[in-house]
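Here the structure comes first, spelled out in structure tokens, and everything after it is commentary.
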Amino acid sequence: MTLLKHSQLRLFGPVFLLFLLQSFYSFSQKQTYPDTEKTAFQTSSKWIPEIDTRADIAIVYGVNGNPSDHSKMETFEERAKSWKDHGYNIHFMTGIAWGSYQDYFLGKWDGINHLGEGQVQQNGDTIWHGRNVPYIVPSDSFIAYIKESVIERVINAGITSIYFEEPEFWARAGYSSAFKKEWQKYYGFPWRPQDASPENTWLANKLKYELYYNTLKETSAYAKAYGKKKGLDVKVYIPTHSLVNYSSWSIVSPEASLASLPGIDGYIAQVWTGTSREPTYFNGLKKERTFENAFLEYGSMVSMTAPTGRKMFFLTDPIEDRKKTWEDYKQNYQATFAAELLYPMMANYEVMPWPERIYTAPYQVANSDKKVLIPKDYSTQMQIMINALNKMPVSDNHVSGNQGIGVLMGNSLMFQRFPTHDNYDDPQFSNFYGQTLPLVKRGIPVETVHMENLQYSETLKNIKVLVMSYSNMKPNNSEVHKYISDWVKKGGVLVYVGKDDDPYQNVMEWWNTGKNHYKTPSEHLFQLLDINNSPTEKNFKVGKGMVHIIDQNPKEFVLNKNGDKPYLDVIKEAYEQDTKAGKIEFKNNFFLQRGPYQIISVMDESVSTKVYKSTGLFIDLFDPKLPILEEKITEPGDQSFLYDLSSLKNSSKFQVLASAARISNELSDIRSYSFIAKSPVNTVNSMRILLPHKPANIEIINAESKEAQSFEKSWEAGSKTLWLQFNNSSDGIKVIIEF
């Protein structure tokens with residue numbers, strides 16, 4: 001430990017002394033960061049030093065707070081101002097299917113009690129999100145309330161970015177008088193109970209989808225128009241779970257269709273441990289597969305918006321709602337974090353939701369009565385990771401593995417997720433995972449393709465082999481088949497998987513109404529492709545392309561041990577022989593380089609149990625001590641996040657390479673380097689700094705007291721990096737390095 005005394009300042013000469021004194025005078029001033037909106041977090045709290053994460057954006061939650069908060073809160077305007085006063089860009093978020101709207105539900109807003117507008121399940125119970133907060137059937141009056149009491153108030157406060165969170169209608173709901181009223185209005189005939197038939201289920205879920213599509217169309221258009229009246233350019237974003245998760249959890253939401261609405265500017269991909277640890281089947285075994293699931297969830301969000309150019313923030317969360325150990329949170333956080341970074345075209349992040357619960361709320365430890373605050377080592381590691389996101393570049397690099405294999409998905413995946421009809425079952429959403437997990441587990445970075453985006457030429461531009469099945473979804477219109485058949489005829493290779501024996505094949509839809517009399521939607525597709533699916537013929541040359549048909553429901557590939565062999569054989573043939581795209585490489589890992597960052601994931605249950613060995617010179621960013629490594633071993637089931645020192649383009653430049661605090665106000669000359677480090681109070685900063693040679697003197701100065709504080713340090717000659725560790729401060733810590 002080295003401490004530079006104030007009495008030693010005279011040794012540095014008058015020029016540096018003047019510079020240092022000037023920096024003291026400006027120390028309490030606002031720290032400067034790049035003028036971007038790259039990173040964000042959401043909070044219902046006012047600013048407090050314990051949660052000062054230093055992302056670009058503070059998304060202030062709810063005009064009346066969050067239904068989960070039971071304590072008295074400051075007004076929305078006071079909370080927003082407190083964050084703005086500390087240098088944050090201020091955005092706003094509120095629930096669109098639920099929220100602290102007790103003034104609406106209990107009749108204060110218009111004199112009418114609206115609790116009866118909640119989503120109701122078959123047994124008559126309302127589905128609640130909190131006390132006097134039901135999941136809502138979005139009526140005209142609720143939309144009017146959101147416009148008047150939420151949108152106008154937020155824009156009047158000068159905020160121009162609004163997030164309508166989680167448009168969710170539970171598949172098990174649909175029995176309330178409010179829903180029956182909307183059914184009659186939409187379909188023109190009386191309500192039918194969805195438990196009575198597959199068709200009723202389909203119609204009910206399709207209506208739920210339309211209700212929230214219309215709600216967001218109305219509210220986003222109103223926000224734009226009201227903002228324009230005020231001379232403001234208002235942006236509207238939708239924070240939403242992935243289509244993979246909503247389908248798995250049996251929730252209906254508009255999802256991909258919103259990307260074409262003129263009032264929607266982007267999304268937050270709400271993927272975290274809580275969604276991604278949902279157990280899946282693979283090789284006959286049901287268990288958690290957090291990394292693989294997260295990889296597919298983020299991928300579905302990318303494909304949902306890629307052709308439309310909408311802005312996307314990727315979310316991760318260092319904890320989750322279920323009671324687990326801090327070690328469990330850490331392992332799963334690393335898995336989801338690595339998964340999001342494997343999409344190099346995305347570089348905007350919500351670094352965490354609810355910092356107040358992460359930093360200030362002791363968490364119940366699993367199988368214990370103890371409540372424990374986040375461990376210091378974990379908070380340091382987490383802050384190193386989220387500060388790396390502030391610098392994370394977009395990259396043209398591809399994740400390792402065969403490119404160009406896609407799996408078709410669509411919003412109708414959510415329409416069939418109701419308890420069993422006619423003995424039809426899709427346990428743990430296995431018809432989807434049957435198409436995807438056999439590839440992901442073998443190191444194939446499979447893409448998902450949204451049928452709602454097939455109208456855009458970019459959607460299938462880089463797809464060589466497209467896998468599709470109507471075992472758990474149906475086409476929303478006949479144009480879907482036109483786009484696919486045209487693509488095949490121009491050289492695409494289609495793999496159709498399924499028996500077409502589920503009861504939803506016969507629901508009242510476009511393929512069996514009007515002039516159409518197809519027994520199944522695939523009959524229409526095969527007619528356009530001019531092929532005849534027979535027991536003897538399963539491979540067809542179509543124009544310049546090929547079609548392969550596998551008469552198995554894809555769930556069989558994962559529900560049964562070694563059940564995916566026939567599927568993999570067809571994929572291999574389609575990729576290697578039909579597309580001539582090269583040899584399929586089955587492996588147990590993914591690797592991606594993004595600027596100086598390397599992301600590695602090694603999967604278990606794969607083609608081998610080999611470790612992934614990285615050699616070179618690295619900083620281990622998953623280790624709070626930021627060690628320098630010449631070799632890093634990533635074991636099956638684990639992930640690694642490395643800073644590749646060999647990638648540095650200007651190794652003579654003073655720079656902070658990694659830090660558990662955000663760095664600003666950097667100043668340097670040939671004799672010195674200084675900066676300010678800011679992060680939440682009661683946390684520990686660990687940082688690795690590139691310098692030309694070992695420093696002569698170091699001083700760490702607390703902004704509030706202007707006094708030197710203790711710290712730990714070590715010099716690593718091989719990498720020419722200095723490691724420092726000291727207590728963080730939301731006011732900032734001044735670091736002065738002298739040579």
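Naming works like this for the structure tokens: A, B, ... for the chains as they're shown, residue 1 at the start of each chain, ligands 1 onward in shown order.
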
Check: Near range 600-605 of chain A, counting only C-alpha atoms, which residues have an atom at most 6 Å away, once you skip same-chain residues fewer than 2 positions from it, shown as a list in words?
Finding: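 Answer for this query is Asn588, Asn589, Phe590, Phe591, Pro636, Gly637, Asp638, Gln639 and Ser640 of chain A.
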
Generate a file of the selected residues that holds N, CA and C atoms, formatted as a short mmCIF file (atom, residue, chain, number, x, y, z; two decimals), in the first residue's frame.
```
data_model
loop_
_atom_site.label_atom_id
_atom_site.label_comp_id
_atom_site.auth_asym_id
_atom_site.auth_seq_id
_atom_site.Cartn_x
_atom_site.Cartn_y
_atom_site.Cartn_z
N ASN A 588 -18.58 -27.79 -29.07
CA ASN A 588 -19.26 -27.54 -27.81
C ASN A 588 -19.12 -26.11 -27.32
N ASN A 589 -18.83 -25.17 -28.23
CA ASN A 589 -18.53 -23.81 -27.75
C ASN A 589 -18.95 -22.75 -28.75
N PHE A 590 -19.04 -21.52 -28.21
CA PHE A 590 -19.17 -20.32 -29.02
C PHE A 590 -18.04 -19.37 -28.62
N PHE A 591 -17.53 -18.64 -29.62
CA PHE A 591 -16.48 -17.63 -29.37
C PHE A 591 -16.78 -16.41 -30.23
N PRO A 636 -16.78 -26.90 -19.64
CA PRO A 636 -18.16 -27.11 -20.09
C PRO A 636 -19.16 -26.62 -19.04
N GLY A 637 -20.16 -25.89 -19.49
CA GLY A 637 -21.15 -25.31 -18.59
C GLY A 637 -20.80 -23.93 -18.09
N ASP A 638 -19.61 -23.40 -18.49
CA ASP A 638 -19.16 -22.09 -18.01
C ASP A 638 -18.97 -21.11 -19.16
N GLN A 639 -18.80 -19.85 -18.78
CA GLN A 639 -18.53 -18.79 -19.73
C GLN A 639 -17.34 -17.97 -19.25
N SER A 640 -16.68 -17.29 -20.19
CA SER A 640 -15.58 -16.39 -19.87
C SER A 640 -15.76 -15.06 -20.58
#
```

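Using only C-alpha atoms, the smallest distance between any of A:Phe415, A:Thr273, A:Pro307, A:Ala196 and Glu210 in chain A comes from A:Phe415.
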
Item checked: Separation of CA of Tyr496 in chain A from CA of Ile571 in chain A in Å ->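 According to the coordinates, CA of Ile571 in chain A and CA of Tyr496 in chain A are separated by 10.9 Å.
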
Check: DSSP says strand (DSSP E or B) for which residues of range 417-624 of chain A? Put them as a VMD selection string?
Finding: chain A and resid 421 424 447 to 450 465 to 468 493 to 497 539 to 542 545 to 550 589 to 594 597 to 602 612 to 620

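Note that DSSP on the backbone gives alpha helix (DSSP H) to these residues of range 309-377 of chain A: Trp326, Glu327, Asp328, Tyr329, Lys330, Gln331, Asn332, Tyr333, Gln334, Ala335, Thr336, Phe337, Ala338, Ala339, Glu340, Leu341, Pro355, Glu356, Arg357, Ile358, Tyr359, Thr360, Lys376 and Asp377 of chain A.
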